[in-house]
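Student: Please see the structure below; I have some questions.
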Amino acid sequence: MAEQTAPPVIRDGAPAKPDAAVVRDALGVGVAVGLSGFAFGVTSAGAGLSVLQTCVLSLLVFTGASQFALVGALTAGGNPFTAAAGAFFLGTRNAFYGLRLSQLLALPKAVRPFAAHWVIDETAAVSLAQPTRRAARIGFTATGLTLYVLWNVTTLLGALGAEAIGDTAAWGLDAAGPAVFLALLAPMLKSATERATAGIAVLLGLGLLPVLPAGVPVLAAALAAPLVLWFQGRRTASAGREKDSR
């Protein structure tokens, strides 16, 4: 990763973006997603985790999809190790975000360990959408700070609220987590490849749910990505051979 003195990045000749505009966009994303921490708090409490355990998860894990996957598997009666494995594999995508953001942000070495905790879908999306390194840094910081604070505050409120009302299933609040997760995921499925991957993952997860232990279908659903990539590779190779034979 380059040092802080690295030259600014300007992509495609785009003009610099005002700092206020970057902060406004970052706050919009941070507030919208941060409030969904309430759903995680409710879901986690419904899975049997204490308020303290729920809050520690949000403070230390801080990646919504992995957190929802963990408590979802526990709710279904899954083994804690299997649930943790599913959450871990979902969280590995952040490592790939980090590879790209390390070049774009070029943060000082002393800051990198702290910044790594904020490398998630939303901070990556806001940062990568900026035209310059300065804007990317502002977007990353504003999004990460807003989302981290709100996610943890609303997690606490959700856990306390669920504990106060008792059985979350009786109120239908156990469906809040999956509903929020789907709402966040749907706008990301823009290409045919992404939609195909998501569709196959759903089929694998639901199809294997009755025959595999809780938590394992989530891991099996991850096979959707390599399956789609393999099929695309075969199709590209076939198209290349047909072109060469003409």
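Each chain in the structure tokens gets a letter, A, B, ..., in the order shown, and its residues are numbered from 1; ligands are numbered from 1 in order too.
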Extract, using only C-alpha atoms, all DNA, RNA and protein residues at most 9 Å from Val23 in chain A, discarding same-chain residues fewer than 5 positions from it, and format them as a compact mmCIF listing (two decimals) with C-alpha atoms, in the first residue's frame.
Tutor:
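What follows is the written file selection_27.txt:
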```txt
# COMPACT_ATOMS: atom_id res chain seq x y z
CA PRO A 18 -16.97 18.83 -3.43
CA GLY A 28 -27.17 8.83 3.28
CA ALA A 135 -12.96 12.12 -2.05
CA ILE A 138 -13.64 11.28 2.94
CA GLY A 139 -16.35 8.92 1.70
CA ALA A 142 -17.78 9.36 6.78
CA THR A 143 -19.56 6.16 5.76
```
Student: Find the residues near Phe38 in chain A: any atom within 12 Å, counting only C-alpha atoms, skip ones fewer than 5 places away on the same chain, and give them as a list in words.
Tutor: Ala32, Val33, Thr43, Ser44, Ala45, Thr54, Cys55, Ser58, Gly64, Phe68, Leu150, Trp151, Asn152, Val153, Thr154, Thr155, Leu156, Leu157, Gly158, Ala159, Leu160, Gly161, Ala162, Leu173, Asp174, Ala176, Gly177 and Val180 of chain A
Student: Show which residues sit within 9 Å of Leu128 in chain A, as a list in words. Count only C-alpha atoms, and ignore same-chain residues fewer than 4 positions away.
Tutor: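 Listing them by chain and then by number gives Arg100, Leu101, Leu104, Thr123, Ala124 and Ala136 of chain A.
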Student: Would you pick out the contacts of Val216 in chain A at 12 Å or less, using only C-alpha atoms, so that residues sharing its chain but fewer than 4 positions from it are not included, and give the list as an MDAnalysis selection string?
Tutor: chainID A and resid 69:70 72:74 76:87 89 204:212 220:223
Student: Go ahead and write the residues just picked, C-alpha atoms, as a CSV table (one decimal), in the first residue's frame.
Tutor:
```csv
chain,number,residue,atom,x,y,z
A,69,ALA,CA,-25.9,-15.7,8.9
A,70,LEU,CA,-24.5,-16.6,12.3
A,72,GLY,CA,-29.8,-17.4,11.6
A,73,ALA,CA,-28.0,-20.7,11.8
A,74,LEU,CA,-28.1,-20.7,15.6
A,76,ALA,CA,-32.3,-23.0,13.2
A,77,GLY,CA,-30.5,-25.2,15.8
A,78,GLY,CA,-27.2,-25.3,14.0
A,79,ASN,CA,-23.9,-26.2,15.5
A,80,PRO,CA,-22.0,-23.0,16.7
A,81,PHE,CA,-18.9,-24.0,14.7
A,82,THR,CA,-20.9,-24.5,11.6
A,83,ALA,CA,-22.7,-21.2,12.1
A,84,ALA,CA,-19.3,-19.5,12.6
A,85,ALA,CA,-17.9,-21.1,9.5
A,86,GLY,CA,-20.8,-19.8,7.4
A,87,ALA,CA,-20.3,-16.3,8.8
A,89,PHE,CA,-17.0,-17.4,4.5
A,204,LEU,CA,-28.9,-24.8,-3.3
A,205,GLY,CA,-29.7,-23.3,0.1
A,206,LEU,CA,-33.4,-24.1,0.1
A,207,GLY,CA,-33.0,-27.4,-1.7
A,208,LEU,CA,-30.5,-28.7,0.8
A,209,LEU,CA,-32.2,-27.2,3.9
A,210,PRO,CA,-34.3,-30.4,4.6
A,211,VAL,CA,-31.4,-32.8,4.3
A,212,LEU,CA,-28.4,-31.0,5.8
A,220,ALA,CA,-23.2,-25.1,0.2
A,221,ALA,CA,-24.9,-22.1,-1.4
A,222,ALA,CA,-21.4,-20.5,-1.7
A,223,LEU,CA,-20.8,-23.1,-4.5
```
Student: If you run DSSP on this backbone, which residues of range 48-244 of chain A come out as helix (DSSP H, G or I), and could you give them as a VMD selection string?
Tutor: chain A and resid 51 to 60 64 to 75 80 to 91 93 to 105 112 to 116 121 to 128 133 to 165 168 to 171 173 to 188 192 to 208 216 to 221 224 to 244
Student: For the atom pair CA of Arg134 in chain A and CA of Ala21 in chain A, what is the interatomic distance in Å to one decimal place?
Tutor: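 If I compute the distance from CA of Arg134 in chain A to CA of Ala21 in chain A, I get 12.6 Å.
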Student: Taking into account only C-alpha atoms, which residue in the set A:Gly144, A:Gly30, A:Pro131, A:Gly46 is nearest to Ala115 in chain A?
Tutor: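 Closest to Ala115 in chain A, using only C-alpha atoms: A:Gly144.
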Student: Could you check which of A:Lys190, A:His117, A:Arg133, A:Lys109 is closest to Ala16 in chain A, using only C-alpha atoms?
Tutor: A:Arg133
Student: I'd like the contact shell of Thr92 in chain A - 12 Å cut-off, only C-alpha atoms, skipping same-chain residues fewer than 3 positions apart - returned as a tab-separated table (two decimals) with N, CA, C and O atoms, in the first residue's frame.
Tutor:
```
chain	number	residue	atom	x	y	z
A	61	VAL	N	-17.40	-7.84	15.03
A	61	VAL	CA	-17.54	-8.44	13.70
A	61	VAL	C	-17.87	-7.35	12.68
A	61	VAL	O	-17.20	-7.21	11.65
A	63	THR	N	-20.05	-6.78	10.28
A	63	THR	CA	-20.39	-7.04	8.88
A	63	THR	C	-21.74	-7.74	8.89
A	63	THR	O	-21.86	-8.88	9.32
A	65	ALA	N	-24.05	-9.09	6.95
A	65	ALA	CA	-24.41	-10.38	6.34
A	65	ALA	C	-23.89	-11.54	7.19
A	65	ALA	O	-24.60	-12.53	7.43
A	66	SER	N	-22.65	-11.43	7.66
A	66	SER	CA	-22.07	-12.49	8.47
A	66	SER	C	-22.78	-12.60	9.81
A	66	SER	O	-23.00	-13.71	10.32
A	85	ALA	N	-18.56	-20.84	10.79
A	85	ALA	CA	-17.90	-21.07	9.50
A	85	ALA	C	-18.66	-20.37	8.38
A	85	ALA	O	-18.06	-19.76	7.50
A	86	GLY	N	-19.98	-20.46	8.41
A	86	GLY	CA	-20.78	-19.78	7.40
A	86	GLY	C	-20.59	-18.28	7.46
A	86	GLY	O	-20.45	-17.62	6.42
A	87	ALA	N	-20.55	-17.73	8.66
A	87	ALA	CA	-20.33	-16.29	8.82
A	87	ALA	C	-18.94	-15.90	8.33
A	87	ALA	O	-18.77	-14.84	7.69
A	88	PHE	N	-17.96	-16.75	8.60
A	88	PHE	CA	-16.59	-16.46	8.17
A	88	PHE	C	-16.48	-16.40	6.65
A	88	PHE	O	-15.88	-15.48	6.10
A	89	PHE	N	-17.07	-17.38	5.98
A	89	PHE	CA	-16.96	-17.41	4.52
A	89	PHE	C	-17.68	-16.23	3.88
A	89	PHE	O	-17.24	-15.70	2.86
A	95	ALA	N	-12.10	-9.08	2.34
A	95	ALA	CA	-10.67	-9.11	2.05
A	95	ALA	C	-10.40	-8.64	0.62
A	95	ALA	O	-9.41	-7.94	0.36
A	96	PHE	N	-11.28	-9.00	-0.31
A	96	PHE	CA	-11.12	-8.56	-1.69
A	96	PHE	C	-11.38	-7.07	-1.83
A	96	PHE	O	-10.73	-6.38	-2.61
A	97	TYR	N	-12.36	-6.57	-1.07
A	97	TYR	CA	-12.56	-5.12	-1.04
A	97	TYR	C	-11.29	-4.43	-0.56
A	97	TYR	O	-10.88	-3.39	-1.08
A	98	GLY	N	-10.67	-5.01	0.47
A	98	GLY	CA	-9.49	-4.40	1.06
A	98	GLY	C	-8.33	-4.29	0.08
A	98	GLY	O	-7.59	-3.31	0.09
A	99	LEU	N	-8.18	-5.29	-0.79
A	99	LEU	CA	-7.11	-5.25	-1.79
A	99	LEU	C	-7.26	-4.05	-2.71
A	99	LEU	O	-6.29	-3.38	-3.05
A	119	VAL	N	-13.85	-1.96	6.48
A	119	VAL	CA	-13.92	-2.40	5.08
A	119	VAL	C	-15.10	-3.35	4.92
A	119	VAL	O	-15.02	-4.53	5.23
A	120	ILE	N	-16.22	-2.83	4.46
A	120	ILE	CA	-17.44	-3.60	4.25
A	120	ILE	C	-18.08	-3.16	2.94
A	120	ILE	O	-17.53	-2.30	2.23
A	121	ASP	N	-19.22	-3.74	2.61
A	121	ASP	CA	-19.88	-3.44	1.34
A	121	ASP	C	-20.09	-1.94	1.14
A	121	ASP	O	-19.79	-1.39	0.08
A	222	ALA	N	-22.59	-21.24	-1.24
A	222	ALA	CA	-21.43	-20.51	-1.74
A	222	ALA	C	-20.86	-21.15	-3.00
A	222	ALA	O	-20.09	-20.51	-3.74
```
Student: Restricting the calculation to only C-alpha atoms: of A:Gly91, A:Gly34, A:Gly233, A:Gly48, which residue gets closest to Tyr148 in chain A?
Tutor: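 Of all the options, A:Gly34 lies closest to Tyr148 in chain A.
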